[in-house]
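Here's coords.pdb, which has PDB, C-alpha atoms:
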ATOM      1  CA  MET W  93     106.136 154.495  46.170
ATOM      2  CA  LYS W  94     104.757 157.186  43.900
ATOM      3  CA  PRO W  95     106.388 157.446  40.480
ATOM      4  CA  ILE W  96     108.002 160.826  39.911
ATOM      5  CA  PHE W  97     109.244 160.857  36.327
ATOM      6  CA  LYS W  98     107.168 160.338  33.183
ATOM      7  CA  LYS W  99     109.180 157.280  32.206
ATOM      8  CA  HIS W 100     108.400 155.739  35.606
ATOM      9  CA  ILE W 101     104.702 156.451  35.146
ATOM     10  CA  ARG W 102     104.834 154.698  31.763
ATOM     11  CA  HIS W 103     106.737 151.812  33.338
ATOM     12  CA  HIS W 104     104.216 151.323  36.130
ATOM     13  CA  ARG W 105     101.278 151.638  33.708
ATOM     14  CA  ALA W 106     102.842 148.961  31.481
ATOM     15  CA  VAL W 107     103.135 146.634  34.483
ATOM     16  CA  GLU W 108      99.459 147.255  35.336
ATOM     17  CA  LEU W 109      98.381 146.479  31.758
ATOM     18  CA  LEU W 110     100.382 143.272  31.757
ATOM     19  CA  GLN W 111      98.784 142.238  35.031
ATOM     20  CA  GLU W 112      95.292 142.912  33.676
ATOM     21  CA  ASN W 113      95.874 141.072  30.397
ATOM     22  CA  SER W 114      97.649 137.983  31.651
ATOM     23  CA  ALA W 115      95.343 135.551  33.405
ATOM     24  CA  THR W 116      97.860 132.729  33.636
ATOM     25  CA  THR W 117     100.972 134.600  34.683
ATOM     26  CA  LYS W 118     101.147 136.529  37.901
ATOM     27  CA  LEU W 119     103.309 139.629  37.650
ATOM     28  CA  THR W 120     104.316 141.828  40.539
ATOM     29  CA  PRO W 121     104.997 145.537  40.247
ATOM     30  CA  CYS W 122     108.563 146.754  40.088
ATOM     31  CA  LEU W 123     109.950 146.983  43.606
ATOM     32  CA  LYS W 124     113.344 148.408  42.656
ATOM     33  CA  PRO W 125     113.919 151.983  43.776
ATOM     34  CA  HIS W 126     114.039 154.318  40.788
ATOM     35  CA  LEU W 127     116.980 156.573  40.170
ATOM     36  CA  GLY W 128     116.563 160.192  39.185
ATOM     37  CA  THR W 129     117.972 161.442  35.908
ATOM     38  CA  ILE W 130     121.055 162.953  37.550
ATOM     39  CA  GLN W 131     121.918 159.706  39.301
ATOM     40  CA  LEU W 132     121.459 157.766  36.069
ATOM     41  CA  ARG W 133     123.852 160.058  34.239
ATOM     42  CA  GLU W 134     126.497 159.687  36.932
ATOM     43  CA  ALA W 135     125.977 155.922  37.119
ATOM     44  CA  ASN W 136     126.551 155.595  33.379
ATOM     45  CA  GLY W 137     129.750 157.664  33.531
ATOM     46  CA  VAL W 138     130.662 161.103  32.348
ATOM     47  CA  HIS W 139     129.584 162.119  28.851
ATOM     48  CA  ASP W 140     132.307 162.691  26.251
ATOM     49  CA  TYR W 141     131.669 166.430  25.905
ATOM     50  CA  ILE W 142     132.013 166.818  29.682
ATOM     51  CA  LYS W 143     135.323 164.916  29.631
ATOM     52  CA  GLU W 144     136.603 167.120  26.817
ATOM     53  CA  ARG W 145     135.517 170.300  28.612
ATOM     54  CA  THR W 146     137.105 169.105  31.861
ATOM     55  CA  ILE W 147     140.452 168.424  30.194
ATOM     56  CA  LYS W 148     140.355 171.752  28.310
ATOM     57  CA  ILE W 149     139.610 173.643  31.521
ATOM     58  CA  GLY W 150     142.345 171.745  33.391
ATOM     59  CA  LYS W 151     144.981 172.550  30.747
ATOM     60  CA  TYR W 152     143.809 176.150  30.632
ATOM     61  CA  VAL W 153     144.181 176.529  34.404
ATOM     62  CA  VAL W 154     147.736 175.165  34.291
ATOM     63  CA  GLU W 155     148.708 177.437  31.375
ATOM     64  CA  GLU W 156     146.982 180.673  32.418
ATOM     65  CA  ARG W 157     146.707 180.287  36.221
ATOM     66  CA  LYS W 158     143.429 182.196  36.244
ATOM     67  CA  THR W 159     140.766 182.001  38.949
ATOM     68  CA  VAL W 160     137.718 179.758  38.770
ATOM     69  CA  ARG W 161     135.484 182.807  38.296
ATOM     70  CA  MET W 162     137.476 184.051  35.291
ATOM     71  CA  ILE W 163     137.577 180.595  33.711
ATOM     72  CA  ALA W 164     133.832 180.114  34.201
ATOM     73  CA  LYS W 165     133.173 183.398  32.410
ATOM     74  CA  GLU W 166     135.511 182.509  29.516
ATOM     75  CA  PHE W 167     134.105 178.990  29.045
ATOM     76  CA  GLY W 168     130.484 180.071  29.482
ATOM     77  CA  VAL W 169     129.705 177.756  32.390
ATOM     78  CA  SER W 170     129.014 178.352  36.076
ATOM     79  CA  LYS W 171     131.659 178.535  38.811
ATOM     80  CA  SER W 172     130.130 175.412  40.321
ATOM     81  CA  THR W 173     130.579 173.510  37.068
ATOM     82  CA  VAL W 174     134.214 174.574  36.731
ATOM     83  CA  HIS W 175     134.890 173.650  40.346
ATOM     84  CA  LYS W 176     133.211 170.250  39.995
ATOM     85  CA  ASP W 177     135.072 169.574  36.750
ATOM     86  CA  LEU W 178     138.417 170.385  38.340
ATOM     87  CA  THR W 179     137.994 168.764  41.751
ATOM     88  CA  GLU W 180     135.806 165.720  41.080
ATOM     89  CA  ARG W 181     135.895 164.774  37.401
ATOM     90  CA  LEU W 182     139.475 165.626  36.445
ATOM     91  CA  PRO W 183     141.126 163.267  39.006
ATOM     92  CA  GLU W 184     139.192 160.359  37.473
ATOM     93  CA  ILE W 185     140.033 161.358  33.889
ATOM     94  CA  ASN W 186     143.636 162.610  34.190
ATOM     95  CA  PRO W 187     145.199 162.313  37.693
ATOM     96  CA  GLU W 188     148.512 163.930  36.688
ATOM     97  CA  LEU W 189     146.820 167.062  35.342
ATOM     98  CA  ALA W 190     144.518 167.067  38.372
ATOM     99  CA  ASN W 191     147.530 167.277  40.719
ATOM    100  CA  GLN W 192     148.887 170.301  38.836
ATOM    101  CA  VAL W 193     145.461 171.981  38.936
ATOM    102  CA  LYS W 194     145.078 171.198  42.641
ATOM    103  CA  LYS W 195     148.313 173.034  43.450
ATOM    104  CA  ILE W 196     147.089 176.113  41.570
ATOM    105  CA  LEU W 197     143.636 176.015  43.203
ATOM    106  CA  ASP W 198     145.248 175.624  46.635
ATOM    107  CA  HIS W 199     147.431 178.670  45.923
ATOM    108  CA  HIS W 200     144.355 180.680  44.883
ATOM    109  CA  LYS W 201     142.586 179.549  48.037
ATOM    110  CA  SER W 202     145.532 180.610  50.198
ATOM    111  CA  ILE W 203     145.526 184.166  48.778
ATOM    112  CA  ARG W 204     141.780 184.677  48.434
ATOM    113  CA  HIS W 205     141.614 186.857  51.548
ATOM    114  CA  LEU W 206     144.072 189.223  49.872
ATOM    115  CA  ARG W 207     142.079 189.281  46.641
ATOM    116  CA  GLY W 208     138.905 190.051  48.557
ATOM    117  CA  GLY W 209     140.533 192.961  50.368
ATOM    118  CA  GLU W 210     141.890 194.366  47.113
ATOM    119  CA  ALA W 211     138.459 194.188  45.479
ATOM    120  CA  THR W 212     136.845 195.995  48.418
ATOM    121  CA  ARG W 213     139.525 198.705  48.348
ATOM    122  CA  LYS W 214     138.947 199.260  44.627
ATOM    123  CA  LYS W 215     135.200 199.327  45.089
ATOM    124  CA  TYR W 216     135.211 202.032  47.759
ATOM    125  CA  SER W 217     138.242 204.056  46.672
ATOM    126  CA  LEU W 218     137.658 207.583  45.437
ATOM    127  CA  HIS W 219     138.861 208.185  41.912
ATOM    128  CA  PRO W 220     140.795 211.457  41.434
ATOM    129  CA  GLN W 221     138.952 212.131  38.177
ATOM    130  CA  SER W 222     135.513 211.948  39.794
ATOM    131  CA  GLU W 223     136.629 214.270  42.649
ATOM    132  CA  GLU W 224     137.587 217.009  40.208
ATOM    133  CA  GLU W 225     134.183 216.850  38.535
ATOM    134  CA  ALA W 226     132.379 217.104  41.860
ATOM    135  CA  LYS W 227     134.230 220.199  43.142
ATOM    136  CA  PRO W 228     132.228 223.434  43.074
ATOM    137  CA  VAL W 229     133.538 226.206  40.885
ATOM    138  CA  GLY W 230     134.614 229.426  42.585
TER     139      GLY W 230
END
Take the structure in the file and write it out as structure tokens.
Amino acid sequence: MKPIFKKHIRHHRAVELLQENSATTKLTPCLKPHLGTIQLREANGVHDYIKERTIKIGKYVVEERKTVRMIAKEFGVSKSTVHKDLTERLPEINPELANQVKKILDHHKSIRHLRGGEATRKKYSLHPQSEEEAKPVG
């Protein structure tokens, strides 16, 4: 297995040095599969700042009932992060709040086809003010 991360390269090099320097003890290289940095973070649990952000976002959704896109913009994180916080992390941290948030997200999901149609109508509608400017004089 080829080491991918710098820390794994250092680890394997340290094992090689120990093997070279110890004549009496036989050491074998590490045979455990290495975890990537993302897996290590998830294995160790969620960081405190992520827990705090998740709870803040959850309370904000219940109070304001805004969409994931609006919340992401206000909190300065991506839609994916907000969605992951609300659907995966929040149930582990605060199940009661997660149930309230789930009801709101399900409602948003049930009316998203209406929101999409409204946005398209606004995008392609002709504004009366712009029509007056475009009319020829005479």
Nearest to W:His139 by atom-to-atom distance, counting only C-alpha atoms, from W:Ile185, W:Asp198, W:Lys165, W:Glu156: W:Ile185
For a quick check of understanding, using only C-alpha atoms, which of W:Glu180, W:Glu188, W:Glu166, W:Glu210 has the smallest distance to W:Tyr152? W:Glu166
Please determine, counting only C-alpha atoms, which residue among W:His205, W:Ser172, W:Lys215, W:Gly150 has the shortest atom-to-atom distance to W:Pro187. W:Gly150
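Atom CA of W:His199 to atom CA of W:Phe167 spans 21.5 Å [interatomic distance, one decimal].
Nearest residue to W:Leu178 among W:Ala190, W:Val138, W:Ala211, W:Val154 is W:Ala190, counting all atoms listed in the file.
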Restricting the calculation to all atoms listed in the file, which member of W:Ile163, W:Arg207, W:Arg157, W:Asp140 is positioned closest to W:Gln192? W:Arg157
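Interatomic distance, atom CA of W:Asn186 to atom CA of W:Ile147: 7.7 Å.
The spacing separating atom CA of W:Arg145 from atom CA of W:Gly208 amounts to 28.3 Å.
Nearest residue to W:Val193 among W:Val174, W:Leu218, W:Val153, W:Met162 is W:Val153, counting all atoms listed in the file.
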Kindly compute an axis-aligned box around the listed atoms of stretch 171-188 of chain W, allowing 6 Å on each side, and express its centre and edge lengths in Å to one decimal as JSON.
{"center_x": 139.3, "center_y": 169.4, "center_z": 37.8, "size_x": 30.4, "size_y": 30.2, "size_z": 19.9}
